[in-house]
Structure formats: structure tokens, C-alpha cells
Amino acid sequence: MIPRYIDIHTHVQFEAFKVDARDVAERALHEGVWMIQVGTQRDTSEAAILFASSFKEGVYATVGLHPIHTSASFHDTKELGAPGKEFTSRGEIFDFASYKKLAEHPKVLAIGECGLDYYRLSEETKIKQVKTFEEQIHLANELHKPLMLHIRNPLRSSGSVASAYEDAALVLKAHAKIGGNVHFFAGTWEEAKRFLDLGFTLSFTGVVTFAHQYDEVIKNTPLDMIMSETDAPYVAPVPYRGKRNEPLYVKEVVKRIAEIKGEDFEKVRDALVANAERVFKVA
């Protein structure tokens, strides 16, 4: 089977898909959509591998510790389920050896999602995030696997002038010997150039189907440096907005990227698949 689309960042192993995860994945695979299940902490990383391993092809995994899970964080029922699992989001210490063992699984294509999240930030949290980010970069270097990056700037109302994108680029420049992808890119063109110059691709979600603040970056980014994702179960694209997102809907993201770039749809679709195959060695 040859993929027609690749959703490079999804979370079908999350609790939001507890009842019908396999149906969701099979629905996408039937339409030629391959997918990468992204880990956010130890248990969701293990679940990503377990889920990917139940498919012969077309479903893969990453393992990593999301920056918000390095400290006490918002309890997201879509990710962790009903109240009672809060302990899993109260701050995990990155265990290099255990994540290395997980990452050596043949279904694991990348390390992450990892990075910096300044959305709600204290100085103590920032220190933990940077340290954990550096450790995951070292793991990626050692295993020669790409990074799946999560980077988010502060709330505008926070008054902070720090740019998570600028800080993450500096950390990568100092430590990374491998490339990867900046998932759900939401920065400026100036911030985008920092990652493109480091050889990192940028991926976009269904937000591009109903918001225009990403148009400049998509227009300016070379086609061979863009990928498509859903970040399911979040941010479903038009015409599914307001519903639970799923990998099948990545088609709408690809369509919109082609429209923004003014390129032929099939050309863009094929290029985005080729980019994912190049960066993540999807096979």
C-alpha cells in the first residue's frame, strides 16, 4: 500500500478515541491516509507504540515528554481521560534509559513531542522544560532519529516578551545533530526562518482552513519543507470544525495548503508525502 496522505502528528491513542480508535485508523487507512501517533509522556508513548504495532503498515509512533508534562499541568480529559488520572500530569521526570528502550522499537520514527511551551510559564517551569528538551535532543542524536517539536509562545496577555521559538532554535543550534519537524507551527515568518535554516520542516493543522495568520509562512516556506497534520483529536478543519478531529481529515489541510501556495493539489499532496517519507523514514 502506498500512502496518498500522511498525517504526521496525531493522537488516536488518546482517551478521546477510547471507544473507536481502531475504526478511526482503519477509516483513514482505507482512504490512503497513513499516520504517526505522537507520545506526550510515558504512558501515551507506550500506548502509541502498542497501537501502531497492531497494524502491519501505515501506523507509526513517536515517544517523548511534552514540555507541559514536565511540571503540574492542565488536566486534559481528551488526552488522559476522566478525573482520577491527574497524577499522570503532575510532572514527569524524563528517564533517559526508559525512553531509549521505547524509542528503539521499530515502529518508533521520532523523539517527541518535545520542546518549549511558554503558554503558561514560571521561571522554575522554564528551567525544567529546557533541561528535558536537551535530554530528548541527546536521545535523538544517539539513536539518529528526528525530533517532533512542540513549541508555543506565551499568552499575549501574560506580558512576557520571551519567544519560545527563538529559545528553542538556540537550544537546537547548540545541541542537535539531527533534524526533524516543528509541529503545529504558529510563529512568525522570522521565527520560521530560524528553523528552516536549521533544516527543520514545518507542519500545519486544520487551523489553516479557518484562520489566515499562517498564510504568509505557508506561502514563503519551500514546498519541500512543509508537512500536514491533524493533531487529532484537536482543531478539526472546516467542514468538520467543532467535531472531534481524526486523521482522515488531514485531506482538508492538504487542500488548503495547496490553495494558499497557489499550487496544483496533486503536486502538493505528493510533495507532502515525500517530505514525510524523507524526514521520518516512513516505509
# chains A, B, ... in the order shown; residues from 1 in each chain; ligands from 1
>>> closest_atom_pairs(of="stretch 118-221 of chain A", to="stretch 245-267 of chain A", cutoff="12 Å", atoms="only C-alpha atoms", output="JSON lines")
{"residue": "A:Phe184", "atom": "CA", "partner": "A:Val253", "partner_atom": "CA", "distance": 11.7}
{"residue": "A:Ser203", "atom": "CA", "partner": "A:Val253", "partner_atom": "CA", "distance": 10.0}
{"residue": "A:Phe204", "atom": "CA", "partner": "A:Val253", "partner_atom": "CA", "distance": 7.4}
{"residue": "A:Thr205", "atom": "CA", "partner": "A:Val253", "partner_atom": "CA", "distance": 6.2}
{"residue": "A:Gly206", "atom": "CA", "partner": "A:Val253", "partner_atom": "CA", "distance": 5.4}
{"residue": "A:Val207", "atom": "CA", "partner": "A:Val253", "partner_atom": "CA", "distance": 8.3}
{"residue": "A:Val208", "atom": "CA", "partner": "A:Arg256", "partner_atom": "CA", "distance": 6.9}
{"residue": "A:Thr209", "atom": "CA", "partner": "A:Arg256", "partner_atom": "CA", "distance": 6.0}
{"residue": "A:Phe210", "atom": "CA", "partner": "A:Arg256", "partner_atom": "CA", "distance": 9.5}
{"residue": "A:Ala211", "atom": "CA", "partner": "A:Arg256", "partner_atom": "CA", "distance": 10.8}
{"residue": "A:His212", "atom": "CA", "partner": "A:Ile260", "partner_atom": "CA", "distance": 9.5}
{"residue": "A:Gln213", "atom": "CA", "partner": "A:Ile260", "partner_atom": "CA", "distance": 11.5}
{"residue": "A:Tyr214", "atom": "CA", "partner": "A:Ile260", "partner_atom": "CA", "distance": 9.4}
{"residue": "A:Asp215", "atom": "CA", "partner": "A:Ile260", "partner_atom": "CA", "distance": 6.4}
{"residue": "A:Glu216", "atom": "CA", "partner": "A:Ile260", "partner_atom": "CA", "distance": 8.7}
{"residue": "A:Val217", "atom": "CA", "partner": "A:Ile260", "partner_atom": "CA", "distance": 9.9}
{"residue": "A:Ile218", "atom": "CA", "partner": "A:Lys261", "partner_atom": "CA", "distance": 6.8}
{"residue": "A:Lys219", "atom": "CA", "partner": "A:Lys261", "partner_atom": "CA", "distance": 5.1}
{"residue": "A:Asn220", "atom": "CA", "partner": "A:Lys261", "partner_atom": "CA", "distance": 8.4}
{"residue": "A:Thr221", "atom": "CA", "partner": "A:Lys261", "partner_atom": "CA", "distance": 9.2}
>>> select_by_dssp(residues="stretch 11-204 of chain A", states="alpha helix (DSSP H)", output="ChimeraX atom specification")
/A:21-30,42-53,77-80,96-103,123-143,164-175,189-197
>>> write_last_selection(atoms="C-alpha atoms", output="PDB file, in the first residue's frame")
ATOM      1  CA  ALA A  21      -9.641   4.080  17.910  1.00  0.00           C
ATOM      2  CA  ARG A  22      -9.247   1.164  15.537  1.00  0.00           C
ATOM      3  CA  ASP A  23     -12.254   2.204  13.470  1.00  0.00           C
ATOM      4  CA  VAL A  24     -10.833   5.720  13.185  1.00  0.00           C
ATOM      5  CA  ALA A  25      -7.456   4.446  11.989  1.00  0.00           C
ATOM      6  CA  GLU A  26      -8.941   1.920   9.570  1.00  0.00           C
ATOM      7  CA  ARG A  27     -11.238   4.573   8.119  1.00  0.00           C
ATOM      8  CA  ALA A  28      -8.188   6.714   7.354  1.00  0.00           C
ATOM      9  CA  LEU A  29      -6.077   3.843   6.026  1.00  0.00           C
ATOM     10  CA  HIS A  30      -8.894   2.845   3.669  1.00  0.00           C
ATOM     11  CA  ARG A  42       5.477   7.881  29.317  1.00  0.00           C
ATOM     12  CA  ASP A  43       2.028   6.283  29.262  1.00  0.00           C
ATOM     13  CA  THR A  44       0.852   7.898  25.999  1.00  0.00           C
ATOM     14  CA  SER A  45       4.183   6.995  24.381  1.00  0.00           C
ATOM     15  CA  GLU A  46       3.742   3.360  25.374  1.00  0.00           C
ATOM     16  CA  ALA A  47       0.151   3.487  24.114  1.00  0.00           C
ATOM     17  CA  ALA A  48       1.313   4.952  20.790  1.00  0.00           C
ATOM     18  CA  ILE A  49       3.693   2.023  20.266  1.00  0.00           C
ATOM     19  CA  LEU A  50       1.078  -0.536  21.279  1.00  0.00           C
ATOM     20  CA  PHE A  51      -1.487   0.955  18.900  1.00  0.00           C
ATOM     21  CA  ALA A  52       0.942   1.281  15.991  1.00  0.00           C
ATOM     22  CA  SER A  53       2.121  -2.283  16.499  1.00  0.00           C
ATOM     23  CA  THR A  77      -9.704  14.711  29.529  1.00  0.00           C
ATOM     24  CA  LYS A  78      -9.225  14.179  25.779  1.00  0.00           C
ATOM     25  CA  GLU A  79      -5.661  13.096  26.487  1.00  0.00           C
ATOM     26  CA  LEU A  80      -5.826  11.374  29.860  1.00  0.00           C
ATOM     27  CA  PHE A  96      16.621   8.680  29.515  1.00  0.00           C
ATOM     28  CA  ALA A  97      17.119   4.920  29.772  1.00  0.00           C
ATOM     29  CA  SER A  98      13.439   4.006  29.725  1.00  0.00           C
ATOM     30  CA  TYR A  99      12.644   6.343  26.838  1.00  0.00           C
ATOM     31  CA  LYS A 100      15.639   4.993  24.942  1.00  0.00           C
ATOM     32  CA  LYS A 101      14.258   1.481  25.298  1.00  0.00           C
ATOM     33  CA  LEU A 102      10.888   2.636  23.995  1.00  0.00           C
ATOM     34  CA  ALA A 103      12.478   4.597  21.154  1.00  0.00           C
ATOM     35  CA  GLU A 123      10.838  30.526  35.712  1.00  0.00           C
ATOM     36  CA  GLU A 124      11.017  27.155  37.502  1.00  0.00           C
ATOM     37  CA  THR A 125       8.919  25.574  34.742  1.00  0.00           C
ATOM     38  CA  LYS A 126      11.180  27.065  32.065  1.00  0.00           C
ATOM     39  CA  ILE A 127      14.291  25.545  33.635  1.00  0.00           C
ATOM     40  CA  LYS A 128      12.663  22.095  33.731  1.00  0.00           C
ATOM     41  CA  GLN A 129      11.467  22.403  30.152  1.00  0.00           C
ATOM     42  CA  VAL A 130      14.875  23.368  28.787  1.00  0.00           C
ATOM     43  CA  LYS A 131      16.652  20.560  30.653  1.00  0.00           C
ATOM     44  CA  THR A 132      14.128  17.959  29.478  1.00  0.00           C
ATOM     45  CA  PHE A 133      14.273  19.285  25.923  1.00  0.00           C
ATOM     46  CA  GLU A 134      18.060  18.990  25.880  1.00  0.00           C
ATOM     47  CA  GLU A 135      17.918  15.402  27.148  1.00  0.00           C
ATOM     48  CA  GLN A 136      15.494  14.412  24.396  1.00  0.00           C
ATOM     49  CA  ILE A 137      17.690  16.048  21.790  1.00  0.00           C
ATOM     50  CA  HIS A 138      20.597  13.967  23.069  1.00  0.00           C
ATOM     51  CA  LEU A 139      18.455  10.835  22.803  1.00  0.00           C
ATOM     52  CA  ALA A 140      17.544  11.708  19.225  1.00  0.00           C
ATOM     53  CA  ASN A 141      21.214  12.325  18.424  1.00  0.00           C
ATOM     54  CA  GLU A 142      22.206   8.964  19.898  1.00  0.00           C
ATOM     55  CA  LEU A 143      19.535   6.998  18.037  1.00  0.00           C
ATOM     56  CA  ALA A 164       9.615  30.021  22.756  1.00  0.00           C
ATOM     57  CA  TYR A 165      10.530  29.713  19.070  1.00  0.00           C
ATOM     58  CA  GLU A 166      13.668  31.802  19.444  1.00  0.00           C
ATOM     59  CA  ASP A 167      14.733  29.988  22.618  1.00  0.00           C
ATOM     60  CA  ALA A 168      14.055  26.549  21.087  1.00  0.00           C
ATOM     61  CA  ALA A 169      16.074  27.426  17.998  1.00  0.00           C
ATOM     62  CA  LEU A 170      19.028  28.374  20.211  1.00  0.00           C
ATOM     63  CA  VAL A 171      18.794  25.075  22.116  1.00  0.00           C
ATOM     64  CA  LEU A 172      18.683  23.128  18.851  1.00  0.00           C
ATOM     65  CA  LYS A 173      21.613  25.036  17.398  1.00  0.00           C
ATOM     66  CA  ALA A 174      23.669  24.242  20.497  1.00  0.00           C
ATOM     67  CA  HIS A 175      22.770  20.558  20.834  1.00  0.00           C
ATOM     68  CA  TRP A 189       7.921  34.201   9.228  1.00  0.00           C
ATOM     69  CA  GLU A 190      11.032  35.478  11.017  1.00  0.00           C
ATOM     70  CA  GLU A 191      10.699  32.668  13.560  1.00  0.00           C
ATOM     71  CA  ALA A 192      10.015  30.141  10.810  1.00  0.00           C
ATOM     72  CA  LYS A 193      13.248  31.041   9.029  1.00  0.00           C
ATOM     73  CA  ARG A 194      15.259  30.114  12.110  1.00  0.00           C
ATOM     74  CA  PHE A 195      14.037  26.515  11.888  1.00  0.00           C
ATOM     75  CA  LEU A 196      14.217  26.260   8.124  1.00  0.00           C
ATOM     76  CA  ASP A 197      17.836  27.419   8.320  1.00  0.00           C
TER      77      ASP A 197
END
>>> atom_distance(atom1="atom CA of A:Tyr118", atom2="atom CA of A:Thr70")
12.4 Å
>>> atom_distance(atom1="atom CA of A:Leu155", atom2="atom CA of A:Asp117")
10.4 Å
>>> residues_around(residues="A:Val33", least_positions_apart="5", cutoff="6 Å", atoms="only C-alpha atoms", output="PyMOL selection string")
chain A and resi 3+5-6+28
>>> write_last_selection(atoms="C-alpha atoms", output="PDB file, in the first residue's frame")
ATOM      1  CA  PRO A   3       0.136   6.436   1.102  1.00  0.00           C
ATOM      2  CA  TYR A   5      -1.556  11.385   2.537  1.00  0.00           C
ATOM      3  CA  ILE A   6       0.462  11.233   5.757  1.00  0.00           C
ATOM      4  CA  ALA A  28      -8.188   6.714   7.354  1.00  0.00           C
TER       5      ALA A  28
END
>>> closest_atom_pairs(of="stretch 128-181 of chain A", to="stretch 229-238 of chain A", cutoff="12 Å", atoms="only C-alpha atoms", output="JSON lines")
{"residue": "A:Met148", "atom": "CA", "partner": "A:Glu229", "partner_atom": "CA", "distance": 11.9}
{"residue": "A:His150", "atom": "CA", "partner": "A:Asp231", "partner_atom": "CA", "distance": 11.1}
{"residue": "A:Asn181", "atom": "CA", "partner": "A:Glu229", "partner_atom": "CA", "distance": 11.1}
>>> write_last_selection(atoms="N, CA and C atoms", output="compact mmCIF listing (two decimals), in the first residue's frame")
# COMPACT_ATOMS: atom_id res chain seq x y z
N MET A 148 10.32 15.48 16.92
CA MET A 148 8.98 16.01 16.72
C MET A 148 8.82 17.13 17.75
N HIS A 150 7.36 20.44 19.78
CA HIS A 150 6.20 21.22 20.23
C HIS A 150 6.75 22.53 20.77
N ASN A 181 10.89 18.08 12.72
CA ASN A 181 9.76 18.88 12.30
C ASN A 181 9.20 19.71 13.45
>>> select_by_dssp(residues="stretch 4-104 of chain A", states="strand (DSSP E)", output="list in words")
Tyr5, Ile6, Asp7, Ile8, His9, Thr10, Val33, Trp34, Met35, Ile36, Gln37, Val38, Val59, Tyr60, Ala61, Thr62 and Val63 of chain A
>>> decode(residues="stretch 13-60 of chain A", atoms="C-alpha atoms", output="PDB file, in the first residue's frame")
ATOM      1  CA  GLN A  13      -4.101   6.518  21.267  1.00  0.00           C
ATOM      2  CA  PHE A  14      -5.622   9.259  23.475  1.00  0.00           C
ATOM      3  CA  GLU A  15      -8.687   8.722  25.627  1.00  0.00           C
ATOM      4  CA  ALA A  16     -10.787  10.733  23.155  1.00  0.00           C
ATOM      5  CA  PHE A  17     -10.662   7.655  20.883  1.00  0.00           C
ATOM      6  CA  LYS A  18     -11.036   5.036  23.603  1.00  0.00           C
ATOM      7  CA  VAL A  19     -14.235   3.568  22.137  1.00  0.00           C
ATOM      8  CA  ASP A  20     -13.395   3.574  18.429  1.00  0.00           C
ATOM      9  CA  ALA A  21      -9.641   4.080  17.910  1.00  0.00           C
ATOM     10  CA  ARG A  22      -9.247   1.164  15.537  1.00  0.00           C
ATOM     11  CA  ASP A  23     -12.254   2.204  13.470  1.00  0.00           C
ATOM     12  CA  VAL A  24     -10.833   5.720  13.185  1.00  0.00           C
ATOM     13  CA  ALA A  25      -7.456   4.446  11.989  1.00  0.00           C
ATOM     14  CA  GLU A  26      -8.941   1.920   9.570  1.00  0.00           C
ATOM     15  CA  ARG A  27     -11.238   4.573   8.119  1.00  0.00           C
ATOM     16  CA  ALA A  28      -8.188   6.714   7.354  1.00  0.00           C
ATOM     17  CA  LEU A  29      -6.077   3.843   6.026  1.00  0.00           C
ATOM     18  CA  HIS A  30      -8.894   2.845   3.669  1.00  0.00           C
ATOM     19  CA  GLU A  31      -8.595   6.309   2.095  1.00  0.00           C
ATOM     20  CA  GLY A  32      -4.813   6.118   1.851  1.00  0.00           C
ATOM     21  CA  VAL A  33      -4.041   8.210   4.927  1.00  0.00           C
ATOM     22  CA  TRP A  34      -1.043   6.968   6.931  1.00  0.00           C
ATOM     23  CA  MET A  35      -0.393   8.370  10.374  1.00  0.00           C
ATOM     24  CA  ILE A  36       2.125   8.886  13.175  1.00  0.00           C
ATOM     25  CA  GLN A  37       0.816   8.512  16.758  1.00  0.00           C
ATOM     26  CA  VAL A  38       2.670  11.004  18.933  1.00  0.00           C
ATOM     27  CA  GLY A  39       3.566  10.372  22.568  1.00  0.00           C
ATOM     28  CA  THR A  40       3.263  13.166  25.127  1.00  0.00           C
ATOM     29  CA  GLN A  41       4.525  11.392  28.261  1.00  0.00           C
ATOM     30  CA  ARG A  42       5.477   7.881  29.317  1.00  0.00           C
ATOM     31  CA  ASP A  43       2.028   6.283  29.262  1.00  0.00           C
ATOM     32  CA  THR A  44       0.852   7.898  25.999  1.00  0.00           C
ATOM     33  CA  SER A  45       4.183   6.995  24.381  1.00  0.00           C
ATOM     34  CA  GLU A  46       3.742   3.360  25.374  1.00  0.00           C
ATOM     35  CA  ALA A  47       0.151   3.487  24.114  1.00  0.00           C
ATOM     36  CA  ALA A  48       1.313   4.952  20.790  1.00  0.00           C
ATOM     37  CA  ILE A  49       3.693   2.023  20.266  1.00  0.00           C
ATOM     38  CA  LEU A  50       1.078  -0.536  21.279  1.00  0.00           C
ATOM     39  CA  PHE A  51      -1.487   0.955  18.900  1.00  0.00           C
ATOM     40  CA  ALA A  52       0.942   1.281  15.991  1.00  0.00           C
ATOM     41  CA  SER A  53       2.121  -2.283  16.499  1.00  0.00           C
ATOM     42  CA  SER A  54      -1.393  -3.581  15.941  1.00  0.00           C
ATOM     43  CA  PHE A  55      -1.174  -2.534  12.276  1.00  0.00           C
ATOM     44  CA  LYS A  56       1.072  -4.136   9.677  1.00  0.00           C
ATOM     45  CA  GLU A  57       1.700  -0.818   7.929  1.00  0.00           C
ATOM     46  CA  GLY A  58       0.539   2.768   7.792  1.00  0.00           C
ATOM     47  CA  VAL A  59       0.519   3.464  11.547  1.00  0.00           C
ATOM     48  CA  TYR A  60       3.661   4.549  13.394  1.00  0.00           C
TER      49      TYR A  60
END
